[in-house]
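Participant: The structure file input_39.txt (compact mmCIF, C-alpha atoms and all ligand atoms) is provided below.
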# COMPACT_ATOMS: atom_id res chain seq x y z
CA MET A 1 -165.80 -39.04 -0.19
CA ILE A 2 -164.85 -39.55 -3.80
CA LYS A 3 -165.27 -35.87 -4.68
CA LEU A 4 -162.94 -34.42 -2.08
CA PRO A 5 -159.74 -36.04 -3.27
CA ARG A 6 -160.68 -35.08 -6.85
CA ILE A 7 -161.02 -31.44 -5.88
CA ALA A 8 -157.84 -31.66 -3.89
CA LEU A 9 -156.09 -33.20 -6.88
CA ALA A 10 -157.41 -30.53 -9.18
CA LEU A 11 -156.37 -27.76 -6.80
CA GLY A 12 -153.01 -29.41 -6.38
CA ALA A 13 -152.54 -29.54 -10.13
CA LEU A 14 -153.53 -25.89 -10.45
CA ALA A 15 -151.09 -24.94 -7.74
CA VAL A 16 -148.30 -26.81 -9.52
CA ILE A 17 -149.13 -25.11 -12.78
CA SER A 18 -149.28 -21.64 -11.30
CA LEU A 19 -146.08 -22.17 -9.31
CA ALA A 20 -144.38 -23.29 -12.49
CA ALA A 21 -145.73 -20.24 -14.30
CA VAL A 22 -144.50 -17.90 -11.57
CA ALA A 23 -141.11 -19.59 -11.60
CA ALA A 24 -140.88 -19.25 -15.38
CA VAL A 25 -141.79 -15.57 -15.30
CA SER A 26 -139.41 -14.70 -12.51
CA ALA A 27 -136.61 -16.68 -14.14
CA SER A 28 -137.01 -14.69 -17.32
CA ILE A 29 -137.19 -11.39 -15.42
CA SER A 30 -134.13 -12.10 -13.32
CA LYS A 31 -132.17 -12.94 -16.45
CA HIS A 32 -132.91 -9.45 -17.72
CA SER A 33 -133.53 -6.92 -15.04
CA ALA A 34 -135.23 -8.08 -11.84
CA THR A 35 -132.03 -8.28 -9.87
CA ALA A 36 -130.17 -5.55 -11.75
CA GLU A 37 -128.58 -3.27 -9.16
CA VAL A 38 -127.57 -0.75 -11.80
CA CYS A 39 -129.87 0.43 -14.54
CA VAL A 40 -128.48 2.30 -17.54
CA LEU A 41 -130.94 4.59 -19.32
CA LEU A 42 -129.66 5.35 -22.85
CA PRO A 43 -131.32 8.15 -24.83
CA ASP A 44 -131.87 7.03 -28.43
CA THR A 45 -130.37 5.25 -31.40
CA LYS A 46 -130.45 8.09 -33.92
CA SER A 47 -128.67 11.15 -32.54
CA SER A 48 -125.41 9.23 -32.65
CA VAL A 49 -124.42 5.61 -33.28
CA ARG A 50 -122.26 5.77 -30.15
CA TRP A 51 -125.03 4.84 -27.70
CA GLU A 52 -125.65 1.37 -29.12
CA THR A 53 -122.31 0.62 -30.79
CA GLN A 54 -119.98 1.94 -28.09
CA ASP A 55 -121.69 2.77 -24.78
CA ARG A 56 -123.87 -0.33 -24.50
CA PRO A 57 -121.14 -2.95 -25.03
CA ARG A 58 -118.51 -1.03 -23.06
CA LEU A 59 -120.79 -0.43 -20.08
CA ALA A 60 -121.78 -4.11 -20.14
CA ALA A 61 -118.11 -5.12 -20.13
CA ALA A 62 -117.32 -2.70 -17.28
CA PHE A 63 -120.17 -4.00 -15.07
CA LYS A 64 -119.26 -7.60 -15.82
CA ALA A 65 -115.66 -6.94 -14.82
CA LEU A 66 -116.86 -5.48 -11.50
CA GLY A 67 -119.35 -8.30 -10.93
CA ASP A 68 -122.31 -5.90 -10.58
CA SER A 69 -125.69 -6.86 -12.03
CA TYR A 70 -127.00 -4.38 -14.57
CA SER A 71 -129.61 -3.73 -17.19
CA ILE A 72 -129.32 -1.38 -20.16
CA VAL A 73 -132.37 0.09 -21.86
CA ASN A 74 -132.81 2.68 -24.60
CA ALA A 75 -135.67 5.22 -24.64
CA GLN A 76 -135.62 5.64 -28.45
CA GLY A 77 -135.77 9.41 -28.08
CA VAL A 78 -139.02 9.49 -26.06
CA ALA A 79 -138.83 11.12 -22.61
CA SER A 80 -142.00 9.41 -21.32
CA THR A 81 -140.52 6.04 -22.31
CA GLN A 82 -137.38 6.87 -20.37
CA LEU A 83 -139.46 7.71 -17.30
CA SER A 84 -141.34 4.41 -17.47
CA GLN A 85 -138.08 2.52 -18.02
CA ALA A 86 -136.72 4.19 -14.87
CA GLN A 87 -139.88 3.24 -12.95
CA GLN A 88 -139.53 -0.37 -14.12
CA CYS A 89 -135.87 -0.49 -13.10
CA LEU A 90 -136.65 0.87 -9.64
CA THR A 91 -139.52 -1.60 -9.22
CA ASN A 92 -137.06 -4.33 -10.12
CA GLY A 93 -134.77 -3.18 -7.33
CA ALA A 94 -132.21 -0.93 -9.04
CA LYS A 95 -130.09 1.00 -6.53
CA VAL A 96 -128.28 3.16 -9.09
CA LEU A 97 -129.63 4.76 -12.27
CA LEU A 98 -127.02 5.76 -14.84
CA LEU A 99 -128.88 8.36 -16.84
CA VAL A 100 -128.31 9.93 -20.26
CA ASN A 101 -131.16 12.41 -20.23
CA LEU A 102 -133.21 13.53 -23.22
CA ASP A 103 -133.66 16.97 -21.66
CA SER A 104 -132.97 18.34 -18.21
CA GLY A 105 -136.63 18.57 -17.13
CA SER A 106 -137.43 14.91 -17.76
CA GLY A 107 -134.02 13.91 -16.39
CA ALA A 108 -134.62 15.82 -13.14
CA ALA A 109 -138.01 14.07 -12.75
CA ILE A 110 -136.35 10.66 -13.11
CA GLU A 111 -133.69 11.57 -10.56
CA LYS A 112 -136.33 12.78 -8.11
CA LEU A 113 -138.19 9.51 -8.51
CA ALA A 114 -134.98 7.53 -7.90
CA LYS A 115 -134.36 9.45 -4.69
CA SER A 116 -137.91 8.83 -3.48
CA LYS A 117 -137.28 5.08 -3.90
CA GLY A 118 -133.98 5.21 -2.02
CA ALA A 119 -131.85 4.89 -5.17
CA GLN A 120 -129.17 7.24 -6.49
CA ALA A 121 -128.73 8.70 -9.94
CA VAL A 122 -125.51 9.29 -11.84
CA ASP A 123 -125.52 11.64 -14.83
CA TYR A 124 -123.79 9.80 -17.64
CA ASP A 125 -122.30 11.97 -20.39
CA ARG A 126 -125.04 14.65 -20.19
CA LEU A 127 -125.49 16.82 -17.11
CA THR A 128 -129.06 17.17 -15.85
CA LEU A 129 -129.53 20.85 -15.02
CA LYS A 130 -131.14 21.39 -11.62
CA GLY A 131 -131.20 17.65 -11.10
CA SER A 132 -130.30 15.55 -8.07
CA ALA A 133 -127.67 13.17 -9.43
CA SER A 134 -125.01 12.15 -6.91
CA TYR A 135 -122.27 12.23 -9.56
CA TYR A 136 -121.60 13.31 -13.13
CA VAL A 137 -119.30 11.32 -15.41
CA SER A 138 -118.44 12.77 -18.81
CA PHE A 139 -115.77 14.48 -20.89
CA ASP A 140 -114.64 18.07 -20.66
CA ASN A 141 -117.27 19.10 -23.18
CA THR A 142 -116.11 22.70 -23.56
CA ALA A 143 -112.73 21.22 -24.50
CA VAL A 144 -114.52 19.08 -27.11
CA GLY A 145 -115.92 22.28 -28.67
CA LYS A 146 -112.52 24.00 -28.53
CA LEU A 147 -110.94 21.12 -30.44
CA GLN A 148 -113.68 21.50 -33.06
CA GLY A 149 -113.05 25.26 -33.34
CA GLN A 150 -109.28 24.84 -33.54
CA GLY A 151 -109.65 21.98 -36.02
CA LEU A 152 -111.83 24.13 -38.25
CA VAL A 153 -109.30 26.97 -38.15
CA SER A 154 -106.42 24.72 -39.09
CA CYS A 155 -108.40 23.10 -41.94
CA LEU A 156 -109.29 26.56 -43.27
CA LYS A 157 -105.60 27.39 -43.23
CA SER A 158 -104.78 24.30 -45.28
CA SER A 159 -107.70 24.85 -47.67
CA GLY A 160 -106.33 28.32 -48.36
CA GLU A 161 -109.57 29.99 -47.21
CA TYR A 162 -108.34 31.32 -43.88
CA SER A 163 -106.99 34.53 -45.38
CA LYS A 164 -110.04 35.08 -47.64
CA HIS A 165 -112.62 36.00 -44.97
CA PRO A 166 -114.50 32.70 -45.13
CA VAL A 167 -118.17 32.54 -44.14
CA ILE A 168 -118.60 30.04 -41.30
CA ALA A 169 -121.89 28.26 -40.59
CA GLU A 170 -122.66 26.64 -37.25
CA LEU A 171 -124.81 23.54 -36.93
CA ASN A 172 -125.29 23.04 -33.21
CA GLY A 173 -126.56 20.01 -31.31
CA SER A 174 -129.92 19.66 -29.60
CA PRO A 175 -131.05 22.78 -27.71
CA THR A 176 -132.20 20.51 -24.84
CA ASP A 177 -128.78 18.86 -24.41
CA ASN A 178 -126.52 20.74 -22.02
CA ASN A 179 -123.55 19.25 -23.86
CA ALA A 180 -124.60 21.01 -27.06
CA THR A 181 -124.39 24.31 -25.18
CA LEU A 182 -120.90 23.42 -23.95
CA PHE A 183 -119.71 22.30 -27.40
CA ALA A 184 -120.95 25.62 -28.87
CA ASN A 185 -119.29 27.57 -26.04
CA GLY A 186 -116.09 25.74 -26.92
CA TYR A 187 -116.06 26.39 -30.66
CA ASN A 188 -117.35 29.92 -30.25
CA SER A 189 -114.49 30.67 -27.85
CA VAL A 190 -112.25 30.09 -30.88
CA LEU A 191 -114.50 31.54 -33.60
CA ASN A 192 -115.97 34.65 -31.92
CA PRO A 193 -112.65 36.54 -31.73
CA LEU A 194 -112.10 35.74 -35.42
CA TYR A 195 -115.58 37.02 -36.33
CA LYS A 196 -114.91 40.10 -34.26
CA ASN A 197 -111.63 41.00 -35.89
CA GLY A 198 -113.02 40.37 -39.36
CA THR A 199 -110.92 37.29 -40.16
CA PHE A 200 -114.09 35.18 -40.54
CA LYS A 201 -117.65 36.16 -41.41
CA LYS A 202 -120.35 34.77 -39.17
CA GLY A 203 -122.80 32.83 -41.33
CA PRO A 204 -126.02 31.02 -40.45
CA ASN A 205 -126.18 29.46 -37.00
CA GLN A 206 -128.85 26.92 -36.00
CA SER A 207 -129.51 24.19 -33.45
CA VAL A 208 -130.71 20.79 -34.60
CA PRO A 209 -133.69 19.51 -32.54
CA ALA A 210 -132.82 16.18 -30.85
CA TRP A 211 -129.62 16.03 -32.94
CA ASP A 212 -131.87 14.67 -35.73
CA ASN A 213 -129.65 14.00 -38.76
CA GLN A 214 -132.57 14.26 -41.21
CA LYS A 215 -133.53 17.66 -39.84
CA ALA A 216 -129.86 18.67 -39.99
CA LEU A 217 -129.85 17.94 -43.72
CA THR A 218 -132.89 20.15 -44.30
CA ILE A 219 -131.46 22.88 -42.08
CA PHE A 220 -128.12 22.89 -43.87
CA GLN A 221 -129.79 22.86 -47.30
CA GLY A 222 -131.67 25.94 -46.10
CA MET A 223 -128.36 27.54 -45.10
CA LEU A 224 -126.96 26.92 -48.58
CA THR A 225 -130.03 28.45 -50.21
CA GLN A 226 -130.02 31.41 -47.85
CA THR A 227 -126.36 32.21 -48.63
CA SER A 228 -126.42 31.23 -52.34
CA ASN A 229 -123.93 28.49 -51.43
CA ASN A 230 -121.55 31.04 -49.94
CA ILE A 231 -120.27 28.96 -46.98
CA GLN A 232 -116.60 28.03 -46.66
CA GLY A 233 -116.54 26.18 -43.36
CA VAL A 234 -118.96 24.49 -40.96
CA ALA A 235 -118.75 23.90 -37.23
CA ALA A 236 -120.96 20.80 -36.99
CA ALA A 237 -121.37 19.47 -33.46
CA ASN A 238 -121.08 15.74 -34.18
CA ASP A 239 -120.37 13.30 -37.00
CA GLY A 240 -124.05 12.75 -37.77
CA LEU A 241 -124.60 16.49 -38.28
CA GLY A 242 -121.31 16.71 -40.19
CA ASN A 243 -122.47 13.93 -42.49
CA ALA A 244 -125.72 15.80 -43.14
CA VAL A 245 -123.58 18.73 -44.34
CA VAL A 246 -121.51 16.40 -46.52
CA SER A 247 -124.69 14.89 -48.03
CA ALA A 248 -126.12 18.34 -48.75
CA LEU A 249 -122.87 19.48 -50.40
CA LYS A 250 -122.66 16.33 -52.51
CA SER A 251 -126.25 16.48 -53.66
CA ALA A 252 -125.84 20.15 -54.63
CA ASN A 253 -122.69 19.19 -56.60
CA LEU A 254 -120.56 21.45 -54.43
CA LYS A 255 -116.92 20.89 -53.51
CA PRO A 256 -115.75 19.75 -50.08
CA ILE A 257 -115.29 22.48 -47.44
CA PRO A 258 -113.92 22.05 -43.90
CA VAL A 259 -116.61 20.45 -41.72
CA THR A 260 -116.08 19.34 -38.13
CA GLY A 261 -117.57 16.42 -36.21
CA GLN A 262 -117.45 14.39 -33.03
CA ASP A 263 -117.69 10.78 -31.83
CA ALA A 264 -115.08 9.31 -34.19
CA THR A 265 -117.72 7.22 -35.93
CA ALA A 266 -116.78 4.95 -38.83
CA GLN A 267 -118.76 7.23 -41.14
CA GLY A 268 -117.02 10.33 -39.78
CA VAL A 269 -113.61 8.74 -40.34
CA GLN A 270 -114.62 7.70 -43.86
CA ASN A 271 -115.61 11.32 -44.56
CA ILE A 272 -112.25 12.45 -43.20
CA LEU A 273 -110.27 9.96 -45.29
CA SER A 274 -112.14 10.88 -48.47
CA GLY A 275 -111.56 14.61 -47.84
CA TRP A 276 -115.16 15.58 -46.99
CA GLN A 277 -114.70 16.16 -43.27
CA CYS A 278 -111.95 18.09 -41.57
CA MET A 279 -111.78 16.40 -38.19
CA THR A 280 -113.69 14.53 -35.53
CA VAL A 281 -113.35 14.27 -31.76
CA TYR A 282 -112.48 10.96 -30.18
CA LYS A 283 -113.90 10.40 -26.72
CA SER A 284 -112.79 7.05 -25.33
CA ILE A 285 -116.12 5.48 -24.43
CA ALA A 286 -114.25 2.58 -22.85
CA ALA A 287 -112.77 5.06 -20.35
CA GLU A 288 -116.08 6.85 -19.82
CA ALA A 289 -117.95 3.58 -19.27
CA ALA A 290 -115.28 2.28 -16.89
CA ALA A 291 -115.36 5.53 -14.88
CA ALA A 292 -119.16 5.49 -14.65
CA ALA A 293 -119.26 1.80 -13.72
CA SER A 294 -116.72 2.35 -10.99
CA VAL A 295 -118.76 5.27 -9.55
CA ALA A 296 -121.90 3.06 -9.61
CA ASP A 297 -119.95 0.22 -7.98
CA GLY A 298 -118.72 2.59 -5.27
CA ILE A 299 -122.29 3.71 -4.52
CA LEU A 300 -123.54 0.11 -4.42
CA HIS A 301 -120.89 -1.19 -2.08
CA GLY A 302 -120.23 1.93 -0.04
CA LYS A 303 -116.69 2.22 -1.37
CA PRO A 304 -114.99 5.61 -1.39
CA ILE A 305 -115.43 7.52 -4.66
CA ASN A 306 -112.65 9.99 -5.33
CA THR A 307 -113.50 12.75 -7.81
CA LYS A 308 -110.46 14.75 -6.66
CA GLY A 309 -112.57 17.70 -5.62
CA LYS A 310 -113.80 18.25 -9.18
CA THR A 311 -117.37 19.55 -9.40
CA VAL A 312 -119.66 20.94 -12.09
CA ASN A 313 -122.50 23.33 -11.30
CA ASP A 314 -125.90 22.10 -12.47
CA GLY A 315 -127.63 25.46 -11.99
CA SER A 316 -128.45 24.83 -8.35
CA ARG A 317 -125.72 22.57 -6.91
CA ASN A 318 -122.12 21.55 -7.40
CA VAL A 319 -122.12 17.95 -8.58
CA PRO A 320 -118.98 15.84 -7.90
CA SER A 321 -117.69 15.04 -11.36
CA VAL A 322 -115.30 12.94 -13.39
CA LEU A 323 -114.38 14.71 -16.66
CA LEU A 324 -112.21 12.91 -19.18
CA THR A 325 -110.04 14.44 -21.90
CA PRO A 326 -111.12 14.39 -25.57
CA VAL A 327 -108.71 13.96 -28.50
CA ALA A 328 -108.87 15.63 -31.95
CA ILE A 329 -108.69 13.21 -34.87
CA THR A 330 -107.61 14.07 -38.43
CA LYS A 331 -106.24 12.16 -41.41
CA ASN A 332 -102.86 12.23 -39.67
CA ASN A 333 -103.71 10.33 -36.49
CA TRP A 334 -106.94 8.42 -37.17
CA THR A 335 -105.23 5.04 -36.78
CA VAL A 336 -105.17 5.73 -33.02
CA LEU A 337 -108.80 4.63 -33.20
CA LEU A 338 -107.66 1.22 -34.43
CA SER A 339 -104.80 0.75 -31.97
CA ASP A 340 -107.14 1.77 -29.15
CA HIS A 341 -109.68 -0.84 -30.33
CA PHE A 342 -112.31 1.88 -30.67
CA LEU A 343 -112.99 1.05 -34.33
CA LYS A 344 -112.00 -1.93 -36.43
CA LYS A 345 -110.27 -1.54 -39.77
CA SER A 346 -113.19 -3.46 -41.27
CA ASP A 347 -115.60 -0.76 -39.97
CA VAL A 348 -113.78 1.97 -41.87
CA CYS A 349 -111.89 0.48 -44.78
CA THR A 350 -114.86 -0.89 -46.73
CA GLY A 351 -115.98 -0.44 -50.35
CA GLU A 352 -114.98 2.89 -51.85
CA TYR A 353 -113.02 3.76 -48.68
CA ALA A 354 -110.68 0.75 -48.80
CA LYS A 355 -108.31 2.69 -51.05
CA TYR A 356 -107.66 5.29 -48.32
CA CYS A 357 -106.54 2.75 -45.74
C1 LIG B 401 -122.89 13.43 -26.68
C2 LIG B 401 -122.31 13.23 -28.06
C3 LIG B 401 -123.39 12.77 -29.02
C4 LIG B 401 -124.63 13.65 -28.92
C5 LIG B 401 -125.80 13.08 -29.71
C6 LIG B 401 -124.07 14.38 -26.75
O1 LIG B 401 -124.62 14.61 -25.51
O2 LIG B 401 -121.89 13.93 -25.81
O3 LIG B 401 -121.27 12.28 -28.01
O4 LIG B 401 -122.92 12.81 -30.33
O5 LIG B 401 -125.05 13.79 -27.59
O6 LIG B 401 -126.20 11.86 -29.19
I need this file expressed as structure tokens, please.
Facilitator:
Amino acid sequence: MIKLPRIALALGALAVISLAAVAAVSASISKHSATAEVCVLLPDTKSSVRWETQDRPRLAAAFKALGDSYSIVNAQGVASTQLSQAQQCLTNGAKVLLLVNLDSGSGAAIEKLAKSKGAQAVDYDRLTLKGSASYYVSFDNTAVGKLQGQGLVSCLKSSGEYSKHPVIAELNGSPTDNNATLFANGYNSVLNPLYKNGTFKKGPNQSVPAWDNQKALTIFQGMLTQTSNNIQGVAAANDGLGNAVVSALKSANLKPIPVTGQDATAQGVQNILSGWQCMTVYKSIAAEAAAAASVADGILHGKPINTKGKTVNDGSRNVPSVLLTPVAITKNNWTVLLSDHFLKKSDVCTGEYAKYC
């Protein structure tokens, strides 16, 4: 008679404790991802600063403005991590995955998984070849490459090298990123005719695995050795690769040569202002994030999504697509990046670079 109430009390206390524990856990999950309807899968932090400094905050702002719950994770360059992040998001109830793949194979597996759980995938920035994404939101990436090719040509004209049969090196992006293929198609559409008619000499040409800036440095140092420093211009696929070229030139005590870039990073702009980089390509991430968030919002709430009939072929299907327009940036128009609130003056005009601003 005495024991029963004690047991009951003890059980009751246990129940209270475990309920409290469950409540605490679920509260902390829901704050992060449990109720996130949209899950953004970013690729890494090292291939470009854009993913954490631009895409993350701008996607967050776009989802907040639409009132959609979201979570944003970063796979740190590991495809198996990205797959488990996708699994976690789907378990937590995500209905849309916004994916920046690390390679098409792992991306296609994630999209297949999403479909099997009744969710939809949207390719963000990078197209997943032979995938099953419902939409693709990006820039016209061949146009990005064309701007790089044209920028290189015009810098070679101003450096006086254009008429001297300059040797051009190409430092391409990751061989597993479909965008890198498109960028190269773009700059080669400008450069190939000039190689062919003898205006330029085709120099070393290499892809940089995973856009790894450290590897890019080693690769470009190898190109310098291989040519006995006989390179007069470099098509580098983004600012990180461009900066690897700049570092290699500086440490070999060589003079600046025209080098291209992409992403309009603070470092890229500093290299432009100090005369070490010819140009970069500005892609408004605010616009890309807003377009992707609005596609995700349309999927979530069954609203019409108008891609104006635009599609991109992924190797097996035509994927309805939104492709935005990139802008070339040089010394002459870089302040557009400030007026557009893409970069802050304090990001660029620091230390030794203050004198250029
Ligand atoms: C993106 C670029 C970026 C590169 C490396 C590409 O897919 O379009 O903006 O610089 O990946 O992350």
Participant: Check the smallest atom-to-atom distance from each of A:Gly302, A:Pro326, A:Pro166, A:Gly105 to ligand LIG 401 (chain B) using all atoms listed in the file, then report the winner.
Facilitator: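 Using all atoms listed in the file, the shortest distance to ligand LIG 401 (chain B) belongs to A:Pro326.
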Participant: May I ask which of the residues A:Asp263, A:Asp103, A:Asp55, A:Glu37 is the closest one to ligand LIG 401 (chain B), counting all atoms listed in the file?
Facilitator: A:Asp263
Participant: Compile the contact shell of Ser106 (chain A) as a list in words: residues with an atom at most 10 Å away, counting all atoms listed in the file, same-chain residues fewer than 6 positions apart removed.
Facilitator: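 What passes the distance filter is Ala79, Ser80, Gln82, Leu83, Lys112, Thr128 and Gly131 of chain A.
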Participant: Find the residues of chain A that sit at most 6 Å from ligand LIG 401 (chain B); for each, write down the nearest two atoms and how far apart they are in Å, to one decimal. Count all atoms listed in the file. Sort by chain, then by number going up, and give it as a Markdown table.
Facilitator:
| residue | atom | partner | partner_atom | distance |
| --- | --- | --- | --- | --- |
| A:Ser47 | CA | B:LIG401 | O6 | 4.2 |
| A:Ser48 | CA | B:LIG401 | O6 | 4.4 |
| A:Asp125 | CA | B:LIG401 | O2 | 5.8 |
| A:Arg126 | CA | B:LIG401 | O1 | 5.3 |
| A:Asn179 | CA | B:LIG401 | O1 | 5.0 |
| A:Trp211 | CA | B:LIG401 | C5 | 5.8 |
| A:Asn238 | CA | B:LIG401 | O4 | 5.2 |
| A:Asp263 | CA | B:LIG401 | O3 | 5.4 |
Participant: Residues within 10 Å of Ala62 (chain A), please, as a short mmCIF file (atom, residue, chain, number, x, y, z; two decimals) with C-alpha atoms, in the coordinates of the input. Count only C-alpha atoms; anything in the same chain fewer than 3 positions from it doesn't count.
Facilitator:
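What follows is the written file result02.cif:
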data_model
loop_
_atom_site.label_atom_id
_atom_site.label_comp_id
_atom_site.auth_asym_id
_atom_site.auth_seq_id
_atom_site.Cartn_x
_atom_site.Cartn_y
_atom_site.Cartn_z
CA PRO A 57 -121.14 -2.95 -25.03
CA ARG A 58 -118.51 -1.03 -23.06
CA LEU A 59 -120.79 -0.43 -20.08
CA ALA A 65 -115.66 -6.94 -14.82
CA LEU A 66 -116.86 -5.48 -11.50
CA GLY A 67 -119.35 -8.30 -10.93
CA ASP A 68 -122.31 -5.90 -10.58
CA ALA A 286 -114.25 2.58 -22.85
CA ALA A 287 -112.77 5.06 -20.35
CA GLU A 288 -116.08 6.85 -19.82
CA ALA A 289 -117.95 3.58 -19.27
CA ALA A 290 -115.28 2.28 -16.89
CA ALA A 291 -115.36 5.53 -14.88
CA ALA A 292 -119.16 5.49 -14.65
CA ALA A 293 -119.26 1.80 -13.72
CA SER A 294 -116.72 2.35 -10.99
#
Participant: Go through A:Ser189, A:Val234, A:Asn213, A:Leu182 and flag the residue nearest Thr45 (chain A), using all atoms listed in the file for the distances.
Facilitator: A:Asn213
Participant: Would you kindly return, as a PyMOL selection string, each protein, DNA or RNA residue with an atom no farther than 12 Å from any atom of Leu224 (chain A), considering only C-alpha atoms and excluding same-chain residues fewer than 2 positions away?
Facilitator: chain A and resi 167-169+203-205+217-222+226-234+245+248-249+251-254
Participant: Write to file, as a PDB file, in the frame of the given file, the residues of the selection just made, with C-alpha atoms.
Facilitator:
ATOM      1  CA  VAL A 167    -118.170  32.540 -44.140  1.00  0.00           C
ATOM      2  CA  ILE A 168    -118.600  30.040 -41.300  1.00  0.00           C
ATOM      3  CA  ALA A 169    -121.890  28.260 -40.590  1.00  0.00           C
ATOM      4  CA  GLY A 203    -122.800  32.830 -41.330  1.00  0.00           C
ATOM      5  CA  PRO A 204    -126.020  31.020 -40.450  1.00  0.00           C
ATOM      6  CA  ASN A 205    -126.180  29.460 -37.000  1.00  0.00           C
ATOM      7  CA  LEU A 217    -129.850  17.940 -43.720  1.00  0.00           C
ATOM      8  CA  THR A 218    -132.890  20.150 -44.300  1.00  0.00           C
ATOM      9  CA  ILE A 219    -131.460  22.880 -42.080  1.00  0.00           C
ATOM     10  CA  PHE A 220    -128.120  22.890 -43.870  1.00  0.00           C
ATOM     11  CA  GLN A 221    -129.790  22.860 -47.300  1.00  0.00           C
ATOM     12  CA  GLY A 222    -131.670  25.940 -46.100  1.00  0.00           C
ATOM     13  CA  GLN A 226    -130.020  31.410 -47.850  1.00  0.00           C
ATOM     14  CA  THR A 227    -126.360  32.210 -48.630  1.00  0.00           C
ATOM     15  CA  SER A 228    -126.420  31.230 -52.340  1.00  0.00           C
ATOM     16  CA  ASN A 229    -123.930  28.490 -51.430  1.00  0.00           C
ATOM     17  CA  ASN A 230    -121.550  31.040 -49.940  1.00  0.00           C
ATOM     18  CA  ILE A 231    -120.270  28.960 -46.980  1.00  0.00           C
ATOM     19  CA  GLN A 232    -116.600  28.030 -46.660  1.00  0.00           C
ATOM     20  CA  GLY A 233    -116.540  26.180 -43.360  1.00  0.00           C
ATOM     21  CA  VAL A 234    -118.960  24.490 -40.960  1.00  0.00           C
ATOM     22  CA  VAL A 245    -123.580  18.730 -44.340  1.00  0.00           C
ATOM     23  CA  ALA A 248    -126.120  18.340 -48.750  1.00  0.00           C
ATOM     24  CA  LEU A 249    -122.870  19.480 -50.400  1.00  0.00           C
ATOM     25  CA  SER A 251    -126.250  16.480 -53.660  1.00  0.00           C
ATOM     26  CA  ALA A 252    -125.840  20.150 -54.630  1.00  0.00           C
ATOM     27  CA  ASN A 253    -122.690  19.190 -56.600  1.00  0.00           C
ATOM     28  CA  LEU A 254    -120.560  21.450 -54.430  1.00  0.00           C
TER      29      LEU A 254
END
Participant: With a distance cut-off of 9 Å and only C-alpha atoms, select the neighbouring residues of region 145-149 of chain A, excluding the residue or stretch itself and same-chain residues fewer than 2 positions from it, and output the selection as JSON, numbers by chain.
Facilitator: {"A": [141, 142, 143, 151, 152, 153, 154, 180, 182, 183, 184, 185, 186, 187, 188, 189, 190, 191, 235, 236, 237, 260, 261, 262, 279, 280, 281, 326, 327, 328]}
Participant: Measuring atom to atom with only C-alpha atoms, identify which of A:Val122, A:Ala94, A:Val144, A:Leu102 is nearest to Thr176 (chain A).
Facilitator: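 Residue with the minimum atom-to-atom distance to Thr176 (chain A): A:Leu102.
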Participant: Give the answer as one residue: which of A:Leu129, A:Ile72, A:Cys357, A:Leu90 has the shortest atom-to-atom distance to Ser316 (chain A), using only C-alpha atoms?
Facilitator: A:Leu129
